[in-house]
Amino acid sequence: MNLLVTGAAGFIGSTYVRTLLAGEAGEASDAPRITVLDKLTYAGTLDNLELDHPRLEFVQGDIRDAELVDKLMAEADQVVHFAAESHVDRSIAGADDFVLTNVVGTQTLLDAALRHEVGTFVHISTDEVYGSIEEGSWPEEHPLRPSSPYSASKASSDLLALAYHRTHGLDVRVTRCSNNYGPHQFPEKVIPLFITNLLDGKNVPLYGEGLNVRDWLHVEDHCQGVELVRTRGRAGEVYNIGGGTELSNKQLTGLLLEACGADWDRVDHVTDRKGHDLRYSVDCTKIREELGYRPRHDFAAGLADTVAWYRDNRAWWEPLKRRAAQQVTS
Ligand code: NAD
C-alpha cells in the first residue's frame, strides 16, 4: 500500500507519519510505504521526519505543482492531505497563500486523485469552519460559517473535497479537529509560542481579556482519529475530532505560567485578534460511536510532557524561531 501524505514536514502530518512508521496507529498489519510531499514553507522542517526510514520517501514540492502531483498520485493508493497554510494571524495579514495552497492546492490534489482512481482521500480540516458557538457543540452536518480568511479557505477546500465525492464518486473523507498541542509544533501558535518565550525569559502576548475558549486535543489523539477515519471511515462522510478539554486562553496561560515557573507579570495584554471567534466546540459522538475513537491523553499530563519536550529540544525550535524573526524583520 502506497500512502501519499501531504504537509508531513509540519506539526500534525509529521506526528501522523512517525506514528504509522512506528506501527503505533492500531493497524499493525497495514504497514504502508509513505511518500511525503511538502513544500518546506517556514512551517515545515526535515528535522520532523525520520528520512532514512526504509518505508519513507520525501519529496519537496508544492501541492499546486500539477505535473509533480500527477506523477506522485499515479503511484499512490491512498492520500492523507495535511498540507495547508495554517496560522490564522498570517491569514489576516494576507490571504493569498491561504487561497492558493488551501483551495487551489487541494483542488490540484483532488483532480489528480480522480484521474488515477486513488482509493481513499482523507482531507484534514478544522473545527474553525463552523464558526463560533456560545453553548453546546457543532455536529458534522451544521452549516459552515467560517470567520477568518484561514477558516474560509479551509471551508472552501472541505466543500470542494465533498463535491468530488458527490459529483465523481471519489472516496473522500473529511476530518474536522479542534486545537492540537504536543511536541514539534512550530513556535507561533499559542502553546509553543508561550512555552518558548517563557523558557527564554520573555513575556507572552495574551489577546484581549483572554476569554476565548478552545478545545485542546493532543496531536497523537488527533492522529489516532485520522487513522480510524482512513482505515474504517465511510466515503463522503465528515468526522469531528475533539480532545475534551475546554479552556479559556486565560486559563491556558495560567497553566503554562505555572508549568514554566513564571508569574502573571510576564503576560502582556495585547489588542484582540480581528474577528476573533469566542468559542469552538465539536460534537464527537459520530467518530466515537461509529469508529470507537477515544482520546487517550490527559490534558495536564500532555501539557507537562509538551513543556518538557520544548525544554529538552531547544536545538529543534531555536533555529525555527530565529528564522521566523529574520523573515519578519527583513
Ligand atoms: P503546519 O503549519 O505545522 O504544517 C503545514 C505543512 O504544510 C508544512 O510542513 C508546510 O511546509 C506544508 N505546506 C504548506 N504549503 C504547502 C504547499 N503549497 N505544498 C506543499 N506543502 C505545503 O500545520 P499543522 O498544524 O500540522 O496542520 C496540519 C493540518 O491540520 C492543516 O490542514 C490544518 O489546517 C489542520 N488543522 C490544524 C490544527 C492545529 O491545531 N494545528 C487544528 C485544526 C486543523
# chains A, B, ... in the order shown; residues from 1 in each chain; ligands from 1
>>> select_by_dssp(residues="stretch 70-199 of chain A", states="strand (DSSP E or B)", output="short mmCIF file (atom, residue, chain, number, x, y, z; two decimals) with N, CA, C and O atoms, in the first residue's frame")
data_model
loop_
_atom_site.label_atom_id
_atom_site.label_comp_id
_atom_site.auth_asym_id
_atom_site.auth_seq_id
_atom_site.Cartn_x
_atom_site.Cartn_y
_atom_site.Cartn_z
N GLN A 78 -3.62 5.62 -1.59
CA GLN A 78 -4.45 6.47 -0.73
C GLN A 78 -3.71 7.78 -0.46
O GLN A 78 -2.48 7.85 -0.60
N VAL A 79 -4.47 8.78 0.00
CA VAL A 79 -3.89 10.09 0.30
C VAL A 79 -4.39 10.57 1.66
O VAL A 79 -5.57 10.41 1.97
N VAL A 80 -3.48 11.12 2.47
CA VAL A 80 -3.91 11.88 3.65
C VAL A 80 -3.34 13.28 3.46
O VAL A 80 -2.12 13.47 3.36
N HIS A 81 -4.23 14.26 3.42
CA HIS A 81 -3.86 15.61 2.98
C HIS A 81 -3.85 16.60 4.16
O HIS A 81 -4.90 17.10 4.57
N THR A 120 -8.65 6.06 -1.35
CA THR A 120 -9.24 6.89 -0.29
C THR A 120 -8.45 8.19 -0.18
O THR A 120 -7.22 8.17 -0.21
N PHE A 121 -9.18 9.29 -0.02
CA PHE A 121 -8.56 10.62 0.11
C PHE A 121 -9.08 11.23 1.41
O PHE A 121 -10.25 11.59 1.50
N VAL A 122 -8.19 11.30 2.43
CA VAL A 122 -8.61 11.89 3.71
C VAL A 122 -8.17 13.36 3.70
O VAL A 122 -6.99 13.66 3.57
N HIS A 123 -9.14 14.23 3.83
CA HIS A 123 -8.87 15.67 3.83
C HIS A 123 -8.93 16.18 5.28
O HIS A 123 -9.97 16.03 5.95
N ILE A 124 -7.82 16.77 5.74
CA ILE A 124 -7.75 17.22 7.14
C ILE A 124 -8.24 18.65 7.24
O ILE A 124 -7.64 19.56 6.64
N SER A 125 -9.31 18.85 7.99
CA SER A 125 -9.84 20.21 8.14
C SER A 125 -9.85 20.62 9.62
O SER A 125 -9.11 20.05 10.42
N THR A 126 -10.69 21.57 9.95
CA THR A 126 -10.62 22.20 11.27
C THR A 126 -12.02 22.52 11.80
O THR A 126 -12.95 22.76 11.01
N TRP A 138 -20.99 21.77 17.83
CA TRP A 138 -21.44 21.60 16.45
C TRP A 138 -21.39 20.14 16.04
O TRP A 138 -20.35 19.50 16.15
N VAL A 172 -13.79 10.36 -0.68
CA VAL A 172 -13.24 11.45 0.12
C VAL A 172 -13.80 11.35 1.53
O VAL A 172 -14.99 11.10 1.71
N ARG A 173 -12.94 11.53 2.53
CA ARG A 173 -13.39 11.59 3.93
C ARG A 173 -12.78 12.85 4.54
O ARG A 173 -11.59 13.11 4.35
N VAL A 174 -13.59 13.61 5.27
CA VAL A 174 -13.11 14.88 5.83
C VAL A 174 -13.08 14.78 7.35
O VAL A 174 -14.03 14.28 7.96
N THR A 175 -11.97 15.23 7.97
CA THR A 175 -11.93 15.30 9.43
C THR A 175 -11.86 16.77 9.85
O THR A 175 -11.21 17.58 9.19
N ARG A 176 -12.56 17.09 10.95
CA ARG A 176 -12.53 18.46 11.48
C ARG A 176 -12.15 18.39 12.96
O ARG A 176 -12.94 17.94 13.79
N CYS A 177 -10.94 18.81 13.25
CA CYS A 177 -10.43 18.66 14.62
C CYS A 177 -10.37 20.00 15.33
O CYS A 177 -10.43 21.05 14.71
N ASN A 179 -8.21 22.36 18.48
CA ASN A 179 -6.81 22.85 18.56
C ASN A 179 -5.87 21.75 19.04
O ASN A 179 -6.05 21.20 20.12
N ASN A 180 -4.84 21.48 18.23
CA ASN A 180 -3.86 20.45 18.58
C ASN A 180 -2.75 21.04 19.44
O ASN A 180 -2.37 22.19 19.28
N TYR A 181 -2.19 20.20 20.31
CA TYR A 181 -0.98 20.59 21.04
C TYR A 181 -0.09 19.36 21.15
O TYR A 181 -0.55 18.22 20.97
#
>>> closest_atom_pairs(of="chain A", to="ligand 1", cutoff="7 Å", atoms="only C-alpha atoms and all ligand atoms", output="CSV")
residue,atom,partner,partner_atom_place_in_ligand_line,distance
A:Thr6,CA,ligand 1,21 (N),6.2
A:Gly7,CA,ligand 1,7 (O),3.5
A:Ala8,CA,ligand 1,9 (O),5.5
A:Ala9,CA,ligand 1,9 (O),3.9
A:Gly10,CA,ligand 1,9 (O),3.4
A:Phe11,CA,ligand 1,26 (O),3.7
A:Ile12,CA,ligand 1,26 (O),3.7
A:Gly13,CA,ligand 1,26 (O),5.4
A:Leu37,CA,ligand 1,20 (C),6.1
A:Asp38,CA,ligand 1,21 (N),3.7
A:Lys39,CA,ligand 1,21 (N),4.0
A:Leu40,CA,ligand 1,11 (O),3.6
A:Thr41,CA,ligand 1,11 (O),3.9
A:Tyr42,CA,ligand 1,11 (O),6.4
A:Ala43,CA,ligand 1,8 (C),4.7
A:Gly44,CA,ligand 1,9 (O),3.2
A:Thr45,CA,ligand 1,9 (O),6.4
A:Gly61,CA,ligand 1,20 (C),5.8
A:Asp62,CA,ligand 1,19 (N),3.5
A:Ile63,CA,ligand 1,19 (N),4.0
A:Arg64,CA,ligand 1,18 (N),6.1
A:Phe82,CA,ligand 1,29 (C),4.2
A:Ala83,CA,ligand 1,7 (O),3.6
A:Ala84,CA,ligand 1,14 (C),4.5
A:Glu85,CA,ligand 1,14 (C),5.2
A:Ser86,CA,ligand 1,2 (O),4.8
A:His87,CA,ligand 1,2 (O),6.8
A:Thr101,CA,ligand 1,18 (N),4.5
A:Gly105,CA,ligand 1,18 (N),6.3
A:Ile124,CA,ligand 1,32 (O),5.2
A:Ser125,CA,ligand 1,44 (C),5.0
A:Thr126,CA,ligand 1,44 (C),3.9
A:Asp127,CA,ligand 1,43 (C),6.3
A:Lys154,CA,ligand 1,34 (O),6.6
A:Arg176,CA,ligand 1,44 (C),6.6
A:Cys177,CA,ligand 1,43 (C),5.0
A:Ser178,CA,ligand 1,42 (C),5.3
A:Asn179,CA,ligand 1,40 (O),3.7
A:Asn180,CA,ligand 1,40 (O),3.7
A:Tyr181,CA,ligand 1,40 (O),6.5
A:Gln185,CA,ligand 1,3 (O),6.0
A:Phe186,CA,ligand 1,3 (O),5.9
>>> residues_around(residues="A:Ala300", least_positions_apart="2", cutoff="12 Å", atoms="only C-alpha atoms", output="PyMOL selection string")
chain A and resi 181-182+216-218+245+247+252+255-256+258-259+297-298+302-307
>>> atom_distance(atom1="atom CA of A:Thr15", atom2="atom CA of A:Asn102")
20.2 Å
>>> closest_residue(among="A:Leu211, A:Val229, A:Thr196, A:Lys250", to="A:Arg311", atoms="only C-alpha atoms")
A:Thr196
>>> closest_residue(among="A:Leu162, A:His184, A:Asp283, A:Ala76", to="A:Asp47", atoms="only C-alpha atoms")
A:His184
>>> atom_distance(atom1="atom CA of A:Ala22", atom2="atom CA of A:Met1")
16.0 Å
>>> closest_atom_pairs(of="stretch 236-326 of chain A", to="stretch 202-210 of chain A", cutoff="12 Å", atoms="only C-alpha atoms", output="Markdown table")
| residue | atom | partner | partner_atom | distance |
| --- | --- | --- | --- | --- |
| A:Leu247 | CA | A:Gly210 | CA | 10.1 |
| A:Ser248 | CA | A:Gly210 | CA | 6.5 |
| A:Asn249 | CA | A:Gly210 | CA | 4.8 |
| A:Lys250 | CA | A:Gly210 | CA | 4.5 |
| A:Gln251 | CA | A:Gly210 | CA | 8.1 |
| A:Leu252 | CA | A:Gly210 | CA | 9.0 |
| A:Thr253 | CA | A:Leu206 | CA | 7.9 |
| A:Gly254 | CA | A:Gly210 | CA | 10.6 |
| A:Leu256 | CA | A:Val204 | CA | 10.3 |
| A:Leu257 | CA | A:Val204 | CA | 9.6 |
| A:Cys260 | CA | A:Lys202 | CA | 11.6 |
| A:Ala262 | CA | A:Asn203 | CA | 9.7 |
| A:Asp263 | CA | A:Asn203 | CA | 10.0 |
| A:Trp264 | CA | A:Asn203 | CA | 9.4 |
| A:Asp265 | CA | A:Asn203 | CA | 8.2 |
| A:Arg266 | CA | A:Asn203 | CA | 4.6 |
| A:Val267 | CA | A:Val204 | CA | 5.0 |
| A:Asp268 | CA | A:Pro205 | CA | 4.9 |
| A:His269 | CA | A:Leu206 | CA | 5.0 |
| A:Val270 | CA | A:Tyr207 | CA | 5.2 |
| A:Thr271 | CA | A:Gly208 | CA | 5.5 |
| A:Asp272 | CA | A:Gly208 | CA | 4.4 |
| A:Arg273 | CA | A:Tyr207 | CA | 6.5 |
| A:Lys274 | CA | A:Tyr207 | CA | 10.1 |
| A:Gly275 | CA | A:Tyr207 | CA | 11.8 |
| A:His276 | CA | A:Tyr207 | CA | 9.2 |
| A:Asp277 | CA | A:Tyr207 | CA | 11.7 |
| A:Leu278 | CA | A:Gly210 | CA | 9.8 |
| A:Arg279 | CA | A:Gly210 | CA | 11.5 |
>>> closest_residue(among="A:Pro143, A:Pro32, A:Gly292, A:Pro192", to="A:Pro54", atoms="only C-alpha atoms")
A:Pro32
>>> select_by_dssp(residues="stretch 97-305 of chain A", states="alpha helix (DSSP H)", output="NGL selection string")
:A and (97 or 106-115 or 149-168 or 190-199 or 219-232 or 249-259 or 285-291 or 299-305)
>>> residues_around(residues="A:Leu56", least_positions_apart="6", cutoff="9 Å", atoms="only C-alpha atoms", output="list in words")
Val17, Leu21, Arg33, Ile34, Thr35, Val36, Leu49 and Glu50 of chain A
>>> write_last_selection(atoms="N, CA, C and O atoms", output="mmCIF file, in the first residue's frame")
data_model
loop_
_atom_site.group_PDB
_atom_site.id
_atom_site.type_symbol
_atom_site.label_atom_id
_atom_site.label_comp_id
_atom_site.auth_asym_id
_atom_site.auth_seq_id
_atom_site.Cartn_x
_atom_site.Cartn_y
_atom_site.Cartn_z
ATOM 1 N N VAL A 17 2.905 10.568 10.449
ATOM 2 C CA VAL A 17 3.865 9.703 9.743
ATOM 3 C C VAL A 17 4.730 8.927 10.752
ATOM 4 O O VAL A 17 4.936 7.715 10.598
ATOM 5 N N LEU A 21 4.919 4.869 10.926
ATOM 6 C CA LEU A 21 6.194 4.170 10.728
ATOM 7 C C LEU A 21 6.552 3.338 11.957
ATOM 8 O O LEU A 21 7.178 2.294 11.853
ATOM 9 N N ARG A 33 3.882 1.993 2.687
ATOM 10 C CA ARG A 33 5.035 2.800 2.286
ATOM 11 C C ARG A 33 4.511 4.232 2.160
ATOM 12 O O ARG A 33 3.409 4.444 1.623
ATOM 13 N N ILE A 34 5.285 5.173 2.678
ATOM 14 C CA ILE A 34 4.778 6.545 2.745
ATOM 15 C C ILE A 34 5.623 7.476 1.885
ATOM 16 O O ILE A 34 6.854 7.475 1.987
ATOM 17 N N THR A 35 4.944 8.242 1.048
ATOM 18 C CA THR A 35 5.617 9.330 0.329
ATOM 19 C C THR A 35 5.087 10.633 0.904
ATOM 20 O O THR A 35 3.876 10.860 0.934
ATOM 21 N N VAL A 36 6.014 11.465 1.387
ATOM 22 C CA VAL A 36 5.629 12.772 1.909
ATOM 23 C C VAL A 36 5.876 13.807 0.822
ATOM 24 O O VAL A 36 6.975 13.869 0.257
ATOM 25 N N LEU A 49 11.151 14.617 10.413
ATOM 26 C CA LEU A 49 10.956 13.326 9.734
ATOM 27 C C LEU A 49 12.175 12.423 9.869
ATOM 28 O O LEU A 49 13.311 12.895 9.863
ATOM 29 N N GLU A 50 11.897 11.117 9.941
ATOM 30 C CA GLU A 50 12.957 10.110 10.005
ATOM 31 C C GLU A 50 13.327 9.755 8.560
ATOM 32 O O GLU A 50 12.834 8.762 7.994
#
>>> closest_residue(among="A:Phe98, A:Trp309, A:Trp316, A:Tyr16", to="A:Pro183", atoms="only C-alpha atoms")
A:Trp309
>>> closest_residue(among="A:Ala161, A:Leu46, A:Ala113, A:Ala93", to="A:Leu4", atoms="only C-alpha atoms")
A:Ala113
>>> closest_residue(among="A:Glu140, A:Asp111, A:Glu227, A:Asp215", to="A:Phe299", atoms="only C-alpha atoms")
A:Asp215
>>> decode(residues="stretch 238-287 of chain A", atoms="N, CA and C atoms", output="CSV table (one decimal), in the first residue's frame")
chain,number,residue,atom,x,y,z
A,238,VAL,N,-18.1,13.3,7.0
A,238,VAL,CA,-17.2,14.2,7.8
A,238,VAL,C,-17.2,13.7,9.2
A,239,TYR,N,-16.0,13.7,9.8
A,239,TYR,CA,-15.9,13.3,11.2
A,239,TYR,C,-15.2,14.4,12.0
A,240,ASN,N,-15.9,14.8,13.1
A,240,ASN,CA,-15.3,15.8,14.0
A,240,ASN,C,-14.4,15.0,15.0
A,241,ILE,N,-13.2,15.6,15.3
A,241,ILE,CA,-12.3,15.0,16.3
A,241,ILE,C,-11.9,16.0,17.4
A,242,GLY,N,-12.3,15.8,18.6
A,242,GLY,CA,-12.0,16.7,19.7
A,242,GLY,C,-11.2,16.0,20.8
A,243,GLY,N,-10.7,16.9,21.7
A,243,GLY,CA,-9.9,16.3,22.8
A,243,GLY,C,-10.6,16.3,24.1
A,244,GLY,N,-11.7,17.1,24.3
A,244,GLY,CA,-12.4,17.0,25.5
A,244,GLY,C,-12.0,18.0,26.7
A,245,THR,N,-11.0,18.8,26.4
A,245,THR,CA,-10.6,19.8,27.5
A,245,THR,C,-10.8,21.2,26.9
A,246,GLU,N,-11.8,21.9,27.5
A,246,GLU,CA,-12.1,23.2,27.1
A,246,GLU,C,-11.5,24.2,28.0
A,247,LEU,N,-10.8,25.2,27.5
A,247,LEU,CA,-10.1,26.2,28.4
A,247,LEU,C,-10.2,27.5,27.7
A,248,SER,N,-10.4,28.6,28.6
A,248,SER,CA,-10.2,29.9,28.0
A,248,SER,C,-8.7,30.2,27.8
A,249,ASN,N,-8.4,31.1,27.0
A,249,ASN,CA,-6.9,31.4,26.8
A,249,ASN,C,-6.3,31.9,28.1
A,250,LYS,N,-7.1,32.5,29.0
A,250,LYS,CA,-6.6,33.0,30.2
A,250,LYS,C,-6.3,31.8,31.1
A,251,GLN,N,-7.2,30.8,31.2
A,251,GLN,CA,-6.9,29.6,31.9
A,251,GLN,C,-5.7,28.8,31.4
A,252,LEU,N,-5.6,28.7,30.1
A,252,LEU,CA,-4.4,28.1,29.5
A,252,LEU,C,-3.1,28.8,29.8
A,253,THR,N,-3.2,30.1,29.8
A,253,THR,CA,-2.0,30.9,30.1
A,253,THR,C,-1.6,30.7,31.6
A,254,GLY,N,-2.6,30.6,32.5
A,254,GLY,CA,-2.2,30.3,33.9
A,254,GLY,C,-1.5,29.0,34.0
A,255,LEU,N,-2.0,28.0,33.3
A,255,LEU,CA,-1.3,26.6,33.4
A,255,LEU,C,0.1,26.7,32.8
A,256,LEU,N,0.3,27.4,31.7
A,256,LEU,CA,1.6,27.5,31.1
A,256,LEU,C,2.6,28.3,32.0
A,257,LEU,N,2.1,29.3,32.6
A,257,LEU,CA,2.9,30.1,33.5
A,257,LEU,C,3.4,29.2,34.7
A,258,GLU,N,2.4,28.5,35.2
A,258,GLU,CA,2.7,27.6,36.3
A,258,GLU,C,3.8,26.5,35.9
A,259,ALA,N,3.5,25.9,34.7
A,259,ALA,CA,4.4,24.8,34.3
A,259,ALA,C,5.8,25.4,34.0
A,260,CYS,N,6.0,26.7,33.7
A,260,CYS,CA,7.3,27.2,33.4
A,260,CYS,C,7.8,28.0,34.6
A,261,GLY,N,7.1,28.0,35.7
A,261,GLY,CA,7.6,28.7,36.9
A,261,GLY,C,7.6,30.2,36.7
A,262,ALA,N,6.6,30.7,36.1
A,262,ALA,CA,6.6,32.2,35.8
A,262,ALA,C,5.3,32.8,36.4
A,263,ASP,N,5.2,34.1,36.6
A,263,ASP,CA,4.1,34.8,37.1
A,263,ASP,C,3.3,35.6,36.1
A,264,TRP,N,2.2,36.2,36.5
A,264,TRP,CA,1.3,36.9,35.6
A,264,TRP,C,2.0,38.2,35.1
A,265,ASP,N,3.1,38.7,35.8
A,265,ASP,CA,3.7,39.9,35.3
A,265,ASP,C,4.5,39.6,34.0
A,266,ARG,N,4.5,38.4,33.6
A,266,ARG,CA,5.2,38.0,32.3
A,266,ARG,C,4.1,38.1,31.1
A,267,VAL,N,2.9,38.5,31.5
A,267,VAL,CA,1.8,38.5,30.4
A,267,VAL,C,1.6,39.9,29.9
A,268,ASP,N,1.7,40.1,28.6
A,268,ASP,CA,1.3,41.4,28.0
A,268,ASP,C,-0.1,41.3,27.4
A,269,HIS,N,-1.0,42.1,27.9
A,269,HIS,CA,-2.4,42.1,27.3
A,269,HIS,C,-2.3,42.9,26.0
A,270,VAL,N,-2.5,42.2,24.8
A,270,VAL,CA,-2.4,42.9,23.5
A,270,VAL,C,-3.8,43.0,22.9
A,271,THR,N,-3.9,43.9,21.9
A,271,THR,CA,-5.2,44.1,21.2
A,271,THR,C,-5.7,42.8,20.6
A,272,ASP,N,-7.0,42.6,20.8
A,272,ASP,CA,-7.5,41.3,20.4
A,272,ASP,C,-7.4,41.1,18.9
A,273,ARG,N,-7.3,39.8,18.5
A,273,ARG,CA,-7.2,39.5,17.1
A,273,ARG,C,-8.5,39.9,16.4
A,274,LYS,N,-8.4,40.5,15.2
A,274,LYS,CA,-9.6,40.9,14.4
A,274,LYS,C,-10.5,39.7,14.2
A,275,GLY,N,-11.8,39.9,14.4
A,275,GLY,CA,-12.8,38.8,14.1
A,275,GLY,C,-12.6,37.6,14.9
A,276,HIS,N,-12.0,37.7,16.1
A,276,HIS,CA,-11.6,36.5,17.0
A,276,HIS,C,-12.9,35.8,17.4
A,277,ASP,N,-13.1,34.5,16.9
A,277,ASP,CA,-14.2,33.7,17.4
A,277,ASP,C,-14.1,33.4,18.9
A,278,LEU,N,-15.2,33.5,19.6
A,278,LEU,CA,-15.2,33.4,21.0
A,278,LEU,C,-15.0,31.9,21.4
A,279,ARG,N,-15.7,31.0,20.8
A,279,ARG,CA,-15.6,29.6,21.3
A,279,ARG,C,-15.8,28.7,20.1
A,280,TYR,N,-15.0,27.6,20.1
A,280,TYR,CA,-15.3,26.5,19.2
A,280,TYR,C,-15.6,25.3,20.0
A,281,SER,N,-16.5,24.4,19.5
A,281,SER,CA,-16.7,23.2,20.2
A,281,SER,C,-17.3,22.2,19.2
A,282,VAL,N,-16.7,21.0,19.1
A,282,VAL,CA,-17.2,20.0,18.2
A,282,VAL,C,-17.8,18.8,18.9
A,283,ASP,N,-18.9,18.3,18.4
A,283,ASP,CA,-19.6,17.2,18.9
A,283,ASP,C,-18.9,15.9,18.3
A,284,CYS,N,-18.4,15.1,19.1
A,284,CYS,CA,-17.6,13.9,18.6
A,284,CYS,C,-18.3,12.6,18.7
A,285,THR,N,-19.7,12.7,18.9
A,285,THR,CA,-20.5,11.5,19.0
A,285,THR,C,-20.2,10.5,17.8
A,286,LYS,N,-20.2,11.1,16.6
A,286,LYS,CA,-20.1,10.2,15.4
A,286,LYS,C,-18.8,9.4,15.4
A,287,ILE,N,-17.7,10.0,15.6
A,287,ILE,CA,-16.4,9.2,15.5
A,287,ILE,C,-16.3,8.3,16.7
